[in-house]
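Notes follow once the structure below has been shown.
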Amino acid sequence: MSAVPGPNVILAVSGGIAAYKAAEVASRLVQQGATVDAIMTAGAQEFVRPLTFSALTGRAVHTDAFAPWTERNRGHITLAREADLLLVAPASASALARLAVGLADDLLGAVALSTVAPLVVAPAMEHAMFHHPATQEHLETLRRRGASVVGPERGRLASGAVGDGRLAAVEAIVGTCWAILGRAGALAGRRIVVTAGGTREPLDPVRFLGNRSSGTMGFALSTSARDRGAAVHLVTGPTSLPSPAGITVERVETALEMRSAVEAAVPTADALIMAAAVADFRPATPSAQKLKKGPGDTAPEIQLIRNPDILASVSAPGLVKVGFAAETENLVPNASAKLAAKGLAMIVANDAASTVGSAEISAVILQPNTPPRQLPSMPKSELAGLILDHLLPLLPRRTGDGGDE
Ligand SMILES: Cc1cc2nc3c(=O)[nH]c(=O)nc-3n(C[C@H](O)[C@H](O)[C@H](O)COP(=O)(O)O)c2cc1C
């Protein structure tokens, strides 16, 4: 458990069939460190019971604007004042209308009018309701006032029809909340380019040389940097991970494609963190046709040529470069050599065999003229935070930064 208290999020659940999915949103926010106060509209309570949300949040659920004031139920003004963010998920067509017009005839409306916290709405409804000009105008009004609208997605709706109106994925809703909550974080105003995943080097139109990298570390770094206020550009090789909300994601296949994407992204960046497992070699002449075996054929010989070293070659004025060294032997000496040879501000050394494709990582952080820092095994999301803590003081100071001159 972190000692730093998490942000206060009000999760307002309104009356739609997707109300059950709000339970997952509440659970995810709580697991990721937020204090969640759930508000349920009368409509929402027709679909899900308050008990679900009180059990998931460990707090009272607020349902009634006129409920007597108690220690656990402190009224809409207190809720509104303490909120860091107001999330309405799912947002019914009716709730969107009330928010846009500014009605305060229920607790959600009263809190929404009384808070200065940012508003995030995740609409969910039937296709026709969503596309009705009234709903579209209400959404436009909310957007114009600064609200963030997540989704809806296109897909199968409760009626069985396929159309626009499915509640956005839980990751997208929760990710948007963290991105907004982090806007004023330590990396606010910084641009960070992160690479993730492994590259695929074609042998023929259907086969490739690849590696086991899952992309987890680079994605964790991207979301952690986003949640601290950075504008993040993630360049990733093929991975099964969904694109995180609030991040520019560029998907590439080969090392050469990754180099082009990184080169194009770094000129305006403060830092480049290369967590991708870029192939050192690629087949010299990939076959234009699928390689076939004929009777009596010997196995084909594959000649490899070197790929460019992206981290060593890429540069931009003031760019702080952070690398990863996944090694199977002589971890610290090999990583130290890379640190110096590639002009890095930091390298994160880890044991390739146990780390690649795994959720946990045991790493050593190396910086020039600093003793190596061995870290215990931890989830990659936790290491991401530690790496960014180390990165922050290495970023060039900018005009307007406080502190000694
Ligand atoms: C079975 C059923 C499903 C509904 N699903 C939705 C929905 O997905 N989205 C929506 O905007 N309204 C939906 N409605 C209509 C709302 O529940 C209704 O407009 C309600 O007044 C919304 O109340 P609230 O905004 O206070 O939560 C549904 C109604 C019923 C009976």
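By convention here, the chains of the structure tokens are called A, B, ... in the order presented, each chain's residues are numbered starting at 1, and ligands are numbered starting at 1 in the order presented.
For A:Pro300, the list of residues within 10 Å, based on only C-alpha atoms and with local chain neighbours fewer than 4 positions off taken out, reads Leu291, Lys292 and Lys293 of chain A.
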Show me which residues sit within 6 Å of ligand 1 when counting only C-alpha atoms and all ligand atoms, and put them as number ranges by chain.
A: 14-18, 41-44, 92-95, 124-125
Give the alpha helix (DSSP H) residues of stretch 122-251 of chain A, as DSSP finds them on the backbone, and put them as a PyMOL selection string.
chain A and resi 127-131+133-144+170-181+216-227
Nearest residue to A:Leu96 out of A:Gly294, A:Gly6, A:Pro308, A:Pro123, using only C-alpha atoms?
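Going through A:Gly294, A:Gly6, A:Pro308, A:Pro123 one by one, the smallest distance to A:Leu96 is for A:Pro123.
Here atom CA of A:Thr199 is placed at a distance of 15.1 Å from atom CA of A:Pro286.
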All residues 9 Å or closer to stretch 150-165 of chain A, only C-alpha atoms, same chain fewer than 4 positions away omitted, as a PDB file with C-alpha atoms, in the first residue's frame:
```pdb
ATOM      1  CA  ILE A  17     -27.916  -1.727 -18.956  1.00  0.00           C
ATOM      2  CA  ALA A  18     -24.131  -1.138 -18.799  1.00  0.00           C
ATOM      3  CA  VAL A 120     -15.417  12.532 -17.538  1.00  0.00           C
ATOM      4  CA  VAL A 121     -18.484  10.941 -19.116  1.00  0.00           C
ATOM      5  CA  ALA A 122     -18.702   7.477 -20.644  1.00  0.00           C
ATOM      6  CA  PRO A 123     -21.989   7.325 -22.563  1.00  0.00           C
ATOM      7  CA  ALA A 124     -23.751   4.006 -23.120  1.00  0.00           C
ATOM      8  CA  MET A 125     -27.092   3.621 -24.863  1.00  0.00           C
ATOM      9  CA  GLU A 126     -28.825   2.342 -27.982  1.00  0.00           C
ATOM     10  CA  HIS A 127     -27.542   3.562 -31.352  1.00  0.00           C
ATOM     11  CA  ALA A 128     -30.576   5.748 -32.078  1.00  0.00           C
ATOM     12  CA  MET A 129     -30.477   7.389 -28.618  1.00  0.00           C
ATOM     13  CA  PHE A 130     -26.790   8.154 -29.041  1.00  0.00           C
ATOM     14  CA  HIS A 131     -27.212   9.625 -32.519  1.00  0.00           C
ATOM     15  CA  ALA A 169     -13.631  -0.508 -22.473  1.00  0.00           C
ATOM     16  CA  ALA A 172     -10.083   3.290 -21.689  1.00  0.00           C
ATOM     17  CA  ILE A 173     -12.356   4.812 -19.029  1.00  0.00           C
ATOM     18  CA  THR A 176      -8.611   8.551 -19.217  1.00  0.00           C
TER      19      THR A 176
END
```
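Atom CA of A:Thr216 is positioned 18.2 Å from atom CA of A:Ala255.
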Work out how far atom CA of A:Ala147 is from atom CA of A:Thr268, in Å to one decimal.
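Taking atom CA of A:Thr268 as the start and atom CA of A:Ala147 as the end point, the length is 27.9 Å.
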